[in-house]
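Quick look at start_38.tsv (TSV, C-alpha atoms and all ligand atoms):
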```
chain	number	residue	atom	x	y	z
D	1	MET	CA	-60.07	25.58	-73.15
D	2	ARG	CA	-61.59	28.89	-72.29
D	3	TYR	CA	-59.56	31.37	-70.27
D	4	GLU	CA	-62.24	31.35	-67.65
D	5	ASP	CA	-61.78	27.57	-67.16
D	6	ALA	CA	-57.98	27.31	-67.62
D	7	ALA	CA	-56.79	27.59	-64.03
D	8	GLU	CA	-57.70	26.80	-60.50
D	9	HIS	CA	-56.31	28.02	-57.23
D	10	ARG	CA	-54.40	25.31	-55.32
D	11	THR	CA	-53.25	25.56	-51.77
D	12	SER	CA	-51.25	22.33	-51.40
D	13	ILE	CA	-48.85	21.16	-54.08
D	14	ALA	CA	-47.09	17.81	-53.78
D	15	GLY	CA	-43.67	17.39	-55.33
D	16	TRP	CA	-40.02	18.34	-55.15
D	17	VAL	CA	-38.87	21.87	-54.45
D	18	CYS	CA	-35.34	23.26	-54.34
D	19	LYS	CA	-34.83	24.34	-50.74
D	20	LYS	CA	-32.64	27.24	-51.70
D	21	CYS	CA	-34.42	28.99	-54.57
D	22	GLU	CA	-37.78	27.31	-54.01
D	23	ARG	CA	-38.26	26.37	-57.63
D	24	TYR	CA	-40.85	23.63	-58.01
D	25	TYR	CA	-39.83	20.46	-59.91
D	26	GLY	CA	-42.88	18.23	-59.59
D	27	ASP	CA	-41.82	14.55	-59.61
D	28	ASN	CA	-38.26	15.29	-60.63
D	29	GLU	CA	-36.40	14.76	-57.39
D	30	HIS	CA	-32.99	14.75	-59.07
D	31	ALA	CA	-33.57	18.12	-60.77
D	32	ALA	CA	-34.75	19.65	-57.52
D	33	ARG	CA	-31.69	18.39	-55.62
D	34	TYR	CA	-29.34	19.33	-58.45
D	35	CYS	CA	-30.77	22.85	-58.80
D	36	CYS	CA	-28.82	24.78	-56.17
D	37	CYS	CA	-26.56	22.09	-54.71
D	38	GLU	CA	-22.80	22.60	-54.78
D	39	SER	CA	-21.48	19.11	-54.30
D	40	ARG	CA	-22.50	15.49	-54.75
D	41	PRO	CA	-20.94	12.23	-53.58
D	42	CYS	CA	-18.04	10.99	-55.75
D	43	THR	CA	-19.14	8.22	-58.14
D	44	THR	CA	-16.03	6.09	-57.59
D	45	GLU	CA	-16.89	3.01	-55.61
D	46	GLY	CA	-15.55	3.21	-52.09
D	47	CYS	CA	-14.63	6.90	-52.33
D	48	GLU	CA	-16.17	9.05	-49.62
D	49	ASN	CA	-15.18	12.41	-51.08
D	50	ARG	CA	-17.50	15.01	-52.53
D	51	ARG	CA	-17.34	16.08	-56.16
D	52	GLN	CA	-18.34	19.40	-57.69
D	53	LYS	CA	-21.88	19.07	-58.99
D	54	SER	CA	-20.97	18.98	-62.67
D	55	TRP	CA	-18.00	16.61	-62.37
D	56	ILE	CA	-18.19	12.81	-62.49
D	57	SER	CA	-15.68	12.26	-59.70
D	58	CYS	CA	-13.84	14.08	-56.93
D	59	ALA	CA	-10.54	15.88	-57.44
D	60	SER	CA	-8.49	13.06	-55.99
D	61	CYS	CA	-10.15	10.39	-58.20
D	62	ARG	CA	-9.78	12.62	-61.26
D	63	HIS	CA	-6.11	12.96	-60.50
D	64	LYS	CA	-5.72	9.21	-60.15
D	65	HIS	CA	-7.40	8.71	-63.53
D	66	LEU	CA	-5.14	11.32	-65.07
D	67	VAL	CA	-2.02	9.61	-63.75
D	68	ALA	CA	-3.30	6.24	-64.95
D	69	ARG	CA	-3.97	7.64	-68.43
D	70	PHE	CA	-0.50	9.15	-68.49
D	71	GLU	CA	1.15	5.94	-67.41
D	72	ALA	CA	-0.69	4.01	-70.11
D	73	LEU	CA	0.90	6.13	-72.84
D	74	GLU	CA	3.75	4.78	-74.91
D	75	SER	CA	7.03	6.19	-73.57
D	76	LYS	CA	10.33	7.18	-75.12
D	77	PRO	CA	13.57	8.31	-73.44
D	78	TYR	CA	14.14	12.06	-73.39
D	79	ASP	CA	16.13	13.04	-76.47
D	80	GLY	CA	16.43	16.82	-76.12
D	81	SER	CA	13.43	17.60	-78.31
D	82	PRO	CA	10.61	19.88	-77.11
D	83	VAL	CA	8.41	18.51	-74.34
D	84	VAL	CA	5.27	19.80	-72.65
D	85	GLU	CA	3.41	19.23	-69.40
D	86	TYR	CA	0.77	16.53	-69.74
D	87	ASN	CA	-1.52	18.34	-67.37
D	88	GLY	CA	-0.58	21.91	-68.24
D	89	ASP	CA	0.67	24.05	-71.06
D	90	ARG	CA	4.27	24.77	-70.23
D	91	PHE	CA	6.74	23.81	-72.94
D	92	MET	CA	10.40	23.03	-72.35
D	93	TRP	CA	12.08	23.63	-75.68
D	94	ASP	CA	15.53	22.29	-74.88
D	95	GLU	CA	17.58	20.51	-72.26
D	96	ASP	CA	18.40	23.69	-70.32
D	97	GLU	CA	14.75	24.57	-69.96
D	98	LEU	CA	13.97	21.05	-68.88
D	99	TYR	CA	16.65	21.18	-66.18
D	100	GLU	CA	15.31	24.50	-65.00
D	101	TYR	CA	11.86	22.97	-64.80
D	102	LEU	CA	13.13	19.97	-62.88
D	103	ASP	CA	14.69	22.31	-60.34
D	104	GLU	CA	11.35	23.92	-59.62
D	105	ASP	CA	8.50	22.63	-57.60
D	106	TYR	CA	6.61	21.20	-60.56
D	107	GLY	CA	4.09	19.09	-58.65
D	108	ASP	CA	3.43	16.07	-60.82
D	109	LEU	CA	6.26	15.22	-63.12
D	110	MET	CA	4.27	14.21	-66.17
D	111	LEU	CA	5.68	15.29	-69.50
D	112	VAL	CA	4.89	14.32	-73.07
D	113	PHE	CA	6.83	15.07	-76.24
D	114	ALA	CA	5.65	18.08	-78.19
D	115	GLU	CA	4.76	17.50	-81.78
D	116	GLY	CA	5.40	20.20	-84.38
D	117	ARG	CA	2.78	20.74	-87.02
D	118	GLN	CA	2.52	23.15	-89.91
D	119	PRO	CA	-0.77	24.35	-91.31
D	120	THR	CA	-1.77	22.40	-94.40
D	121	TRP	CA	-3.70	23.52	-97.42
D	122	ASP	CA	-6.32	21.41	-99.07
D	123	CYS	CA	-8.17	22.87	-102.01
D	124	LEU	CA	-9.03	26.36	-103.16
D	125	GLY	CA	-11.96	25.03	-105.23
D	126	GLU	CA	-13.42	23.62	-102.02
D	127	TYR	CA	-12.90	26.93	-100.25
D	128	LEU	CA	-14.76	28.81	-102.97
D	129	SER	CA	-17.37	26.14	-103.60
D	130	ASP	CA	-20.29	28.30	-102.47
D	131	ASP	CA	-19.40	30.82	-105.16
D	132	LEU	CA	-18.62	28.37	-107.96
D	133	PRO	CA	-20.84	26.41	-110.36
D	134	GLU	CA	-21.56	22.72	-109.63
D	135	ASP	CA	-18.69	21.34	-111.69
D	136	GLY	CA	-16.30	23.65	-109.87
D	137	LEU	CA	-12.93	24.91	-110.93
D	138	ASP	CA	-9.70	22.99	-111.26
D	139	THR	CA	-7.38	24.59	-108.71
D	140	SER	CA	-4.82	21.79	-108.44
D	141	GLU	CA	-1.99	23.94	-109.78
D	142	ILE	CA	-2.44	26.77	-107.27
D	143	ASP	CA	-3.18	24.24	-104.51
D	144	GLU	CA	0.20	22.67	-105.16
D	145	GLN	CA	1.86	26.10	-104.97
D	146	ILE	CA	0.12	27.08	-101.73
D	147	SER	CA	1.07	23.78	-100.10
D	148	GLN	CA	4.66	24.23	-101.13
D	149	TRP	CA	4.68	27.83	-99.93
D	150	LEU	CA	3.29	26.84	-96.53
D	151	LYS	CA	5.89	24.12	-96.18
D	152	GLU	CA	8.62	26.67	-96.76
D	153	ASN	CA	7.21	29.64	-94.83
D	154	ALA	CA	4.69	28.66	-92.19
D	155	PRO	CA	5.99	28.36	-88.64
D	156	LYS	CA	5.54	25.08	-86.83
D	157	MET	CA	2.98	25.04	-84.06
D	158	TYR	CA	3.66	22.66	-81.22
D	159	TRP	CA	1.05	20.40	-79.64
D	160	PRO	CA	1.20	17.71	-76.97
D	161	SER	CA	1.76	14.27	-78.50
D	162	LYS	CA	0.58	10.96	-77.07
D	163	VAL	CA	4.10	9.86	-76.19
D	164	ARG	CA	5.27	10.35	-72.64
D	165	VAL	CA	8.79	11.35	-71.77
D	166	ASP	CA	10.83	8.77	-69.93
D	167	LEU	CA	13.06	10.88	-67.70
D	168	SER	CA	14.91	8.07	-65.96
D	169	LYS	CA	18.15	8.68	-67.90
D	170	VAL	CA	17.94	12.43	-67.25
D	171	GLU	CA	17.37	11.90	-63.54
D	172	GLU	CA	20.22	9.40	-63.42
D	173	VAL	CA	22.66	11.89	-64.95
D	174	ARG	CA	21.48	14.67	-62.67
D	175	ASN	CA	21.70	12.53	-59.58
D	176	ARG	CA	25.26	11.64	-60.53
D	177	GLN	CA	26.08	15.32	-61.12
D	178	PHE	CA	24.41	16.65	-58.02
D	179	GLY	CA	24.58	13.44	-55.99
D	180	GLY	CA	26.08	15.11	-52.93
D	181	GLU	CA	23.37	17.72	-52.76
D	182	VAL	CA	20.20	15.78	-53.42
D	183	GLN	CA	20.85	12.83	-51.13
D	184	THR	CA	18.51	12.81	-48.18
W	201	ZN	ZN	-32.53	26.08	-56.68
W	202	ZN	ZN	-13.45	10.20	-55.42
```

What does this structure look like when you write it as structure tokens?
Ligand SMILES: [Zn+2]
Ligand SMILES: [Zn+2]
Amino acid sequence: MRYEDAAEHRTSIAGWVCKKCERYYGDNEHAARYCCCESRPCTTEGCENRRQKSWISCASCRHKHLVARFEALESKPYDGSPVVEYNGDRFMWDEDELYEYLDEDYGDLMLVFAEGRQPTWDCLGEYLSDDLPEDGLDTSEIDEQISQWLKENAPKMYWPSKVRVDLSKVEEVRNRQFGGEVQT
């Protein structure tokens, strides 16, 4: 098309426009509404709350889902090993730290066991593959040595596991110890 024929002046345009920034979206009603909005209705059936525009559900529904996911996890009684908040990043490395935590206003008491992992080494040949010929280089001997070295020297990094901490025994003991004080 020639430049001279490529446009025409229109005075009335039908379609969807964002009311705030006035961007035109044609037939795309959703995009126009989404553009500058801040909240949308929660998608949970029966919930009347608003959700932030990019979230699927409102804060209260998200919290309910979180609690449900936590409760569905396999659980084991607390055994003194490191534990971590399910919905946070605070670690309690031993029993004293756990007690300290329980004395604070922790909000939701949802803890999972922390799992220690060391870095592992796979294959030097793989690592250098871009700089090696097709048939590669046998690195199994050094790979073995690196793996062994890591096992002996690398610190363990702790991550949340998928096992929740059953605190009922801990609470029982504490209630017995501090029974007089905590009774309401
Ligand atoms: Zn807009
Ligand atoms: Zn909701």

Report, in Å with one decimal, the straight-line distance from atom CA of D:Glu38 to atom CA of D:Lys53.
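Atom CA of D:Lys53 lies 5.6 Å from atom CA of D:Glu38.
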
Can you work out which residues are within 12 Å of ligand ZN 202 (chain W), considering only C-alpha atoms and all ligand atoms, and then hand them over as a list in words?
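Taking only C-alpha atoms and all ligand atoms into account, the residues around ligand ZN 202 (chain W) at most 12 Å away are Arg40, Pro41, Cys42, Thr43, Thr44, Glu45, Gly46, Cys47, Glu48, Asn49, Arg50, Arg51, Gln52, Trp55, Ile56, Ser57, Cys58, Ala59, Ser60, Cys61, Arg62, His63, Lys64 and His65 of chain D.
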
Within 8 Å of ligand ZN 201 (chain W), counting all atoms listed in the file: which residues, as number ranges by chain?
D: 17-23, 32-37

If you measure from atom CA of D:Lys76 to atom CA of D:Thr120, what distance in Å do you get, rounded to one decimal?
27.4 Å

What lies within 9 Å of stretch 89-103 of chain D using all atoms listed in the file, ignoring chain neighbours under 5 positions off, as a PyMOL selection string?
chain D and resi 79-84+109+114+158+160+170+174

Between atom CA of D:Val163 and atom CA of D:Pro77 - distance in Å to one decimal:
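Interatomic distance, atom CA of D:Pro77 to atom CA of D:Val163: 10.0 Å.
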
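Distances here use only C-alpha atoms; by that measure, the residue among D:Met110, D:Leu137, D:Glu29, D:Phe70 closest to D:Gly15 is D:Glu29.
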
Could you check the closest approach to D:Arg117 for each of D:Asp130, D:Glu85, D:Pro155, D:Ile142 and tell me which residue wins, using only C-alpha atoms?
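Residue with the minimum atom-to-atom distance to D:Arg117: D:Pro155.
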
Using only C-alpha atoms, which residues sit within 10 Å of D:Glu144 once same-chain residues fewer than 4 positions away are excluded, as a CSV table (one decimal) with C-alpha atoms, in the coordinates of the input?
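Final file, out-v3.csv:
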```csv
chain,number,residue,atom,x,y,z
D,121,TRP,CA,-3.7,23.5,-97.4
D,122,ASP,CA,-6.3,21.4,-99.1
D,123,CYS,CA,-8.2,22.9,-102.0
D,139,THR,CA,-7.4,24.6,-108.7
D,140,SER,CA,-4.8,21.8,-108.4
D,148,GLN,CA,4.7,24.2,-101.1
D,149,TRP,CA,4.7,27.8,-99.9
```
